[in-house]
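**Q** One structure follows; several queries about it will come next.
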Amino acid sequence: MSSDSFKPIYQGIIDGDAATVKEEVQAAVDANYPAEDILKKGLVPAMKEVGDLFEKGEYYVPEMLISARAMQGGLQILKPLLASAEVEPAGTVVLGTVQGDLHDIGKNLVGMMLEGAGFSLIDLGTDVSPDKFVEAVRDNKTDIIAMSALLTTTMPAMKTTIDALTEAGLRSKVLVMIGGAPVTAEYADNIGADGFAEDASRAASLAQTLLV
Ligand code: B1M
């Protein structure tokens, strides 16, 4: 299936045209395109282009935000389809974007793929403090903590959270996985995380692997 089929979705996100994105995503679903293709060939590359335009100084924060909202509208349509993938039920994941960081599109995608992979999900949202992660682990039978960061300035909060888990005596009880555009496998090793995934589908496979 060619990515040209998703051109109107792609363009709708670039233009920040939420109505068109919703309409075109729904049309693609109705035409039986797989949800994962619509996501990977339409929505995700468009958001990448938005980032490139921002880097070039052609887009500013408001344009980025409008494009992000348009993308979220499309994601809402895909969410139940992505989550209905047939995979064995697994464990419980506490997910959040780390303290100081408000980016949630990638984190939401990770959540959808985890749910799709049969995990029970506790999504703490964005700007999640180390204490809040610790509290969630204490209050719920948690198998994995999944942290997302999109800013180089907020990545250190991943380490602070791991340290807070250790201080609370909980580190040995949960696995920690991390991801987000600036995060690397090397960084994961350095801060003592159990795993790193570069995208949402790999995050779901990683969660499954960690629990084997
Ligand atoms: Co922001 N922003 N932003 N932004 N923004 C980036 C991240 C940036 C790279 C843009 C740029 O300069 N090119 C840059 C960061 C630079 C850096 O630190 N290296 C940046 C900046 C600087 C900022 C502000 C500081 C701008 C300002 O105010 N001056 C500000 C910070 C606000 C804050 O968080 N405190 C800011 C604000 C915003 C908006 C609010 C306008 C909006 C966010 C809206 C929202 O999320 N609800 C926004 C957006 C949209 C972006 C870009 C354009 C797109 C991010 C995105 O959603 N991508 C982004 C540029 C870019 O990425 N090219 C940018 C699509 C998404 C599907 O990808 O999130 O990478 P991503 O997730 C991927 C993988 O990373 C991975 O899976 C996902 C896909 O499969 N993944 C995981 C993510 N989390 C994971 C966790 C895992 C595993 C995998 O395991 C747990």
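Ordered as shown in the structure tokens, chains take letters A, B, and onward, while each chain numbers its residues from 1 and ligands are numbered from 1 in the order shown.
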Listing only residues of chain A within 6 Å of ligand 1, what is the closest atom pair and its distance in Å (to one decimal) for each, using only C-alpha atoms and all ligand atoms, sorted by chain and residue number ascending, as JSON lines?

**A**
```
{"residue": "A:Val44", "atom": "CA", "partner": "ligand 1", "partner_atom_place_in_ligand_line": "67 (C)", "distance": 5.4}
{"residue": "A:Met47", "atom": "CA", "partner": "ligand 1", "partner_atom_place_in_ligand_line": "65 (C)", "distance": 5.1}
{"residue": "A:Lys48", "atom": "CA", "partner": "ligand 1", "partner_atom_place_in_ligand_line": "63 (N)", "distance": 4.5}
{"residue": "A:Val50", "atom": "CA", "partner": "ligand 1", "partner_atom_place_in_ligand_line": "53 (C)", "distance": 5.3}
{"residue": "A:Gly51", "atom": "CA", "partner": "ligand 1", "partner_atom_place_in_ligand_line": "63 (N)", "distance": 3.5}
{"residue": "A:Asp52", "atom": "CA", "partner": "ligand 1", "partner_atom_place_in_ligand_line": "13 (N)", "distance": 5.9}
{"residue": "A:Phe54", "atom": "CA", "partner": "ligand 1", "partner_atom_place_in_ligand_line": "13 (N)", "distance": 5.6}
{"residue": "A:Glu55", "atom": "CA", "partner": "ligand 1", "partner_atom_place_in_ligand_line": "13 (N)", "distance": 4.4}
{"residue": "A:Val61", "atom": "CA", "partner": "ligand 1", "partner_atom_place_in_ligand_line": "41 (C)", "distance": 4.7}
{"residue": "A:Met64", "atom": "CA", "partner": "ligand 1", "partner_atom_place_in_ligand_line": "41 (C)", "distance": 4.9}
{"residue": "A:Leu65", "atom": "CA", "partner": "ligand 1", "partner_atom_place_in_ligand_line": "41 (C)", "distance": 4.1}
{"residue": "A:Ala68", "atom": "CA", "partner": "ligand 1", "partner_atom_place_in_ligand_line": "50 (C)", "distance": 4.9}
{"residue": "A:Gly100", "atom": "CA", "partner": "ligand 1", "partner_atom_place_in_ligand_line": "35 (N)", "distance": 5.3}
{"residue": "A:Asp101", "atom": "CA", "partner": "ligand 1", "partner_atom_place_in_ligand_line": "34 (O)", "distance": 3.6}
{"residue": "A:Leu102", "atom": "CA", "partner": "ligand 1", "partner_atom_place_in_ligand_line": "34 (O)", "distance": 3.5}
{"residue": "A:His103", "atom": "CA", "partner": "ligand 1", "partner_atom_place_in_ligand_line": "46 (O)", "distance": 3.3}
{"residue": "A:Asp104", "atom": "CA", "partner": "ligand 1", "partner_atom_place_in_ligand_line": "46 (O)", "distance": 3.9}
{"residue": "A:Ile105", "atom": "CA", "partner": "ligand 1", "partner_atom_place_in_ligand_line": "57 (O)", "distance": 4.5}
{"residue": "A:Gly106", "atom": "CA", "partner": "ligand 1", "partner_atom_place_in_ligand_line": "72 (O)", "distance": 3.3}
{"residue": "A:Lys107", "atom": "CA", "partner": "ligand 1", "partner_atom_place_in_ligand_line": "84 (N)", "distance": 4.6}
{"residue": "A:Val110", "atom": "CA", "partner": "ligand 1", "partner_atom_place_in_ligand_line": "77 (O)", "distance": 6.0}
{"residue": "A:Ala146", "atom": "CA", "partner": "ligand 1", "partner_atom_place_in_ligand_line": "91 (C)", "distance": 3.8}
{"residue": "A:Met147", "atom": "CA", "partner": "ligand 1", "partner_atom_place_in_ligand_line": "91 (C)", "distance": 4.3}
{"residue": "A:Ser148", "atom": "CA", "partner": "ligand 1", "partner_atom_place_in_ligand_line": "84 (N)", "distance": 4.1}
{"residue": "A:Leu150", "atom": "CA", "partner": "ligand 1", "partner_atom_place_in_ligand_line": "7 (C)", "distance": 4.7}
{"residue": "A:Leu151", "atom": "CA", "partner": "ligand 1", "partner_atom_place_in_ligand_line": "18 (O)", "distance": 3.4}
{"residue": "A:Thr152", "atom": "CA", "partner": "ligand 1", "partner_atom_place_in_ligand_line": "18 (O)", "distance": 4.0}
{"residue": "A:Thr153", "atom": "CA", "partner": "ligand 1", "partner_atom_place_in_ligand_line": "18 (O)", "distance": 5.9}
{"residue": "A:Met177", "atom": "CA", "partner": "ligand 1", "partner_atom_place_in_ligand_line": "91 (C)", "distance": 5.1}
{"residue": "A:Ile178", "atom": "CA", "partner": "ligand 1", "partner_atom_place_in_ligand_line": "91 (C)", "distance": 3.9}
{"residue": "A:Gly179", "atom": "CA", "partner": "ligand 1", "partner_atom_place_in_ligand_line": "87 (C)", "distance": 3.4}
{"residue": "A:Gly180", "atom": "CA", "partner": "ligand 1", "partner_atom_place_in_ligand_line": "75 (O)", "distance": 3.3}
{"residue": "A:Ala181", "atom": "CA", "partner": "ligand 1", "partner_atom_place_in_ligand_line": "75 (O)", "distance": 3.8}
{"residue": "A:Ala197", "atom": "CA", "partner": "ligand 1", "partner_atom_place_in_ligand_line": "88 (C)", "distance": 4.5}
{"residue": "A:Glu198", "atom": "CA", "partner": "ligand 1", "partner_atom_place_in_ligand_line": "89 (C)", "distance": 4.9}
{"residue": "A:Asp199", "atom": "CA", "partner": "ligand 1", "partner_atom_place_in_ligand_line": "77 (O)", "distance": 3.4}
{"residue": "A:Ala200", "atom": "CA", "partner": "ligand 1", "partner_atom_place_in_ligand_line": "80 (O)", "distance": 3.7}
{"residue": "A:Ala203", "atom": "CA", "partner": "ligand 1", "partner_atom_place_in_ligand_line": "88 (C)", "distance": 4.8}
```

**Q** As a ChimeraX atom specification, please: every residue in range 3-73 of chain A that DSSP puts in helix (DSSP H, G or I).

**A** /A:3-15,18-30,35-55,61-73

**Q** Measure the distance from CA of Gly57 in chain A to CA of Asp37 in chain A in Å and round it to one decimal.

**A**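 Distance reported for this atom pair: 29.5 Å.
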
**Q** Go through range 47-200 of chain A and collect every residue that DSSP, computed from the backbone, puts in strand (DSSP E or B); the answer should be as a list in words.

**A**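 Filtering range 47-200 of chain A to strand (DSSP E or B) leaves Thr92, Val93, Val94, Leu95, Gly96, Thr97, Val98, Ser120, Leu121, Ile122, Asp123, Val128, Ile144, Ile145, Ala146, Met147, Ser148, Leu175, Val176, Met177, Ile178, Gly179, Gly195 and Phe196 of chain A.
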
**Q** Leaving out Gly111 in chain A and any residue of its chain fewer than 5 positions from it, which residues lie within 10 Å of it when counting only C-alpha atoms, given as a list in words?

**A**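 Here the qualifying residues turn out to be Lys79, Ala83, Val93, Val94, Leu95, Gly96, Ile105, Gly106, Gly116, Ala117, Phe119, Ser120, Leu121, Ile122, Asp123, Ala146, Ala200, Ser201, Ala203 and Ala204 of chain A.
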
**Q** Write a file of the selected residues as a PDB file, in the first residue's frame, keeping N, CA, C and O atoms.

**A**
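In the end it all went to out-v9.pdb:
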```pdb
ATOM      1  N   LYS A  79      -7.215   4.521  17.731  1.00  0.00           N
ATOM      2  CA  LYS A  79      -6.929   3.894  19.024  1.00  0.00           C
ATOM      3  C   LYS A  79      -7.627   2.541  19.230  1.00  0.00           C
ATOM      4  O   LYS A  79      -6.959   1.543  19.511  1.00  0.00           O
ATOM      5  N   ALA A  83      -5.659  -1.038  19.460  1.00  0.00           N
ATOM      6  CA  ALA A  83      -5.747  -1.772  20.726  1.00  0.00           C
ATOM      7  C   ALA A  83      -6.395  -3.137  20.573  1.00  0.00           C
ATOM      8  O   ALA A  83      -6.351  -3.942  21.494  1.00  0.00           O
ATOM      9  N   VAL A  93       1.427  -1.846  33.315  1.00  0.00           N
ATOM     10  CA  VAL A  93       2.455  -0.845  33.035  1.00  0.00           C
ATOM     11  C   VAL A  93       1.988   0.519  33.528  1.00  0.00           C
ATOM     12  O   VAL A  93       0.873   0.944  33.230  1.00  0.00           O
ATOM     13  N   VAL A  94       2.851   1.172  34.289  1.00  0.00           N
ATOM     14  CA  VAL A  94       2.606   2.567  34.670  1.00  0.00           C
ATOM     15  C   VAL A  94       3.394   3.421  33.687  1.00  0.00           C
ATOM     16  O   VAL A  94       4.614   3.285  33.573  1.00  0.00           O
ATOM     17  N   LEU A  95       2.670   4.274  32.973  1.00  0.00           N
ATOM     18  CA  LEU A  95       3.287   5.050  31.895  1.00  0.00           C
ATOM     19  C   LEU A  95       3.184   6.546  32.174  1.00  0.00           C
ATOM     20  O   LEU A  95       2.181   7.016  32.719  1.00  0.00           O
ATOM     21  N   GLY A  96       4.200   7.299  31.789  1.00  0.00           N
ATOM     22  CA  GLY A  96       4.096   8.750  31.925  1.00  0.00           C
ATOM     23  C   GLY A  96       5.225   9.468  31.206  1.00  0.00           C
ATOM     24  O   GLY A  96       6.271   8.885  30.933  1.00  0.00           O
ATOM     25  N   ILE A 105       2.252  12.938  22.629  1.00  0.00           N
ATOM     26  CA  ILE A 105       1.757  12.178  21.470  1.00  0.00           C
ATOM     27  C   ILE A 105       2.450  10.813  21.386  1.00  0.00           C
ATOM     28  O   ILE A 105       1.796   9.771  21.255  1.00  0.00           O
ATOM     29  N   GLY A 106       3.780  10.831  21.483  1.00  0.00           N
ATOM     30  CA  GLY A 106       4.529   9.572  21.440  1.00  0.00           C
ATOM     31  C   GLY A 106       4.156   8.683  22.615  1.00  0.00           C
ATOM     32  O   GLY A 106       3.944   7.474  22.455  1.00  0.00           O
ATOM     33  N   GLY A 116      -2.714  -2.566  23.145  1.00  0.00           N
ATOM     34  CA  GLY A 116      -2.915  -3.481  22.026  1.00  0.00           C
ATOM     35  C   GLY A 116      -2.211  -4.808  22.268  1.00  0.00           C
ATOM     36  O   GLY A 116      -2.629  -5.844  21.766  1.00  0.00           O
ATOM     37  N   ALA A 117      -1.114  -4.753  23.011  1.00  0.00           N
ATOM     38  CA  ALA A 117      -0.359  -5.975  23.300  1.00  0.00           C
ATOM     39  C   ALA A 117      -0.890  -6.667  24.549  1.00  0.00           C
ATOM     40  O   ALA A 117      -0.281  -7.596  25.056  1.00  0.00           O
ATOM     41  N   PHE A 119      -1.491  -5.331  27.651  1.00  0.00           N
ATOM     42  CA  PHE A 119      -1.103  -4.850  28.980  1.00  0.00           C
ATOM     43  C   PHE A 119      -2.211  -3.999  29.577  1.00  0.00           C
ATOM     44  O   PHE A 119      -2.937  -3.300  28.863  1.00  0.00           O
ATOM     45  N   SER A 120      -2.304  -4.067  30.891  1.00  0.00           N
ATOM     46  CA  SER A 120      -3.188  -3.158  31.585  1.00  0.00           C
ATOM     47  C   SER A 120      -2.376  -1.876  31.812  1.00  0.00           C
ATOM     48  O   SER A 120      -1.227  -1.926  32.239  1.00  0.00           O
ATOM     49  N   LEU A 121      -2.989  -0.730  31.505  1.00  0.00           N
ATOM     50  CA  LEU A 121      -2.225   0.517  31.462  1.00  0.00           C
ATOM     51  C   LEU A 121      -2.702   1.513  32.499  1.00  0.00           C
ATOM     52  O   LEU A 121      -3.894   1.789  32.612  1.00  0.00           O
ATOM     53  N   ILE A 122      -1.733   2.061  33.257  1.00  0.00           N
ATOM     54  CA  ILE A 122      -2.046   3.190  34.139  1.00  0.00           C
ATOM     55  C   ILE A 122      -1.265   4.371  33.573  1.00  0.00           C
ATOM     56  O   ILE A 122      -0.035   4.421  33.683  1.00  0.00           O
ATOM     57  N   ASP A 123      -1.994   5.282  32.930  1.00  0.00           N
ATOM     58  CA  ASP A 123      -1.343   6.414  32.272  1.00  0.00           C
ATOM     59  C   ASP A 123      -1.387   7.624  33.197  1.00  0.00           C
ATOM     60  O   ASP A 123      -2.452   8.184  33.464  1.00  0.00           O
ATOM     61  N   ALA A 146       7.096   2.787  32.499  1.00  0.00           N
ATOM     62  CA  ALA A 146       7.507   3.211  31.164  1.00  0.00           C
ATOM     63  C   ALA A 146       7.544   4.732  31.125  1.00  0.00           C
ATOM     64  O   ALA A 146       6.527   5.389  31.321  1.00  0.00           O
ATOM     65  N   ALA A 200       6.875   3.058  19.252  1.00  0.00           N
ATOM     66  CA  ALA A 200       5.783   2.506  20.055  1.00  0.00           C
ATOM     67  C   ALA A 200       5.621   1.003  19.857  1.00  0.00           C
ATOM     68  O   ALA A 200       5.385   0.280  20.829  1.00  0.00           O
ATOM     69  N   SER A 201       5.769   0.525  18.620  1.00  0.00           N
ATOM     70  CA  SER A 201       5.575  -0.919  18.470  1.00  0.00           C
ATOM     71  C   SER A 201       6.711  -1.685  19.133  1.00  0.00           C
ATOM     72  O   SER A 201       6.492  -2.724  19.764  1.00  0.00           O
ATOM     73  N   ALA A 203       8.236  -0.668  21.702  1.00  0.00           N
ATOM     74  CA  ALA A 203       8.004  -0.550  23.152  1.00  0.00           C
ATOM     75  C   ALA A 203       7.107  -1.697  23.623  1.00  0.00           C
ATOM     76  O   ALA A 203       7.345  -2.295  24.674  1.00  0.00           O
ATOM     77  N   ALA A 204       6.090  -2.015  22.829  1.00  0.00           N
ATOM     78  CA  ALA A 204       5.191  -3.107  23.213  1.00  0.00           C
ATOM     79  C   ALA A 204       5.936  -4.444  23.195  1.00  0.00           C
ATOM     80  O   ALA A 204       5.796  -5.251  24.120  1.00  0.00           O
TER      81      ALA A 204
END
```

**Q** Please list as a list in words every residue within 6 Å of Val98 in chain A, counting only C-alpha atoms and excluding residues in the same chain fewer than 2 positions away.

**A**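 Final neighbour list, sorted by chain and number: Asp101, Asp127, Val128 and Ala149 of chain A.
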
**Q** By how many Å are CA of Ile162 in chain A and CA of Ile144 in chain A apart?

**A**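 Value for the CA of Ile162 in chain A-CA of Ile144 in chain A distance: 12.0 Å.
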
**Q** To one decimal place, how far is CA of Leu82 in chain A from CA of Glu36 in chain A in Å?

**A**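 We find that CA of Leu82 in chain A and CA of Glu36 in chain A lie 6.9 Å from each other.
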
**Q** Between A:Gln72, A:Ser5, A:Asn190, A:Thr154, which has the minimum distance to Lys22 in chain A (counting only C-alpha atoms)?

**A**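 Under the stated criterion, the closest residue is A:Gln72.
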
**Q** Identify which of the residues A:Ala164, A:Ala19, A:Leu170, A:Leu114 lies closest to Arg138 in chain A, counting only C-alpha atoms when measuring atom-to-atom distances.

**A**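 So, comparing all the options, the nearest one is A:Leu170.
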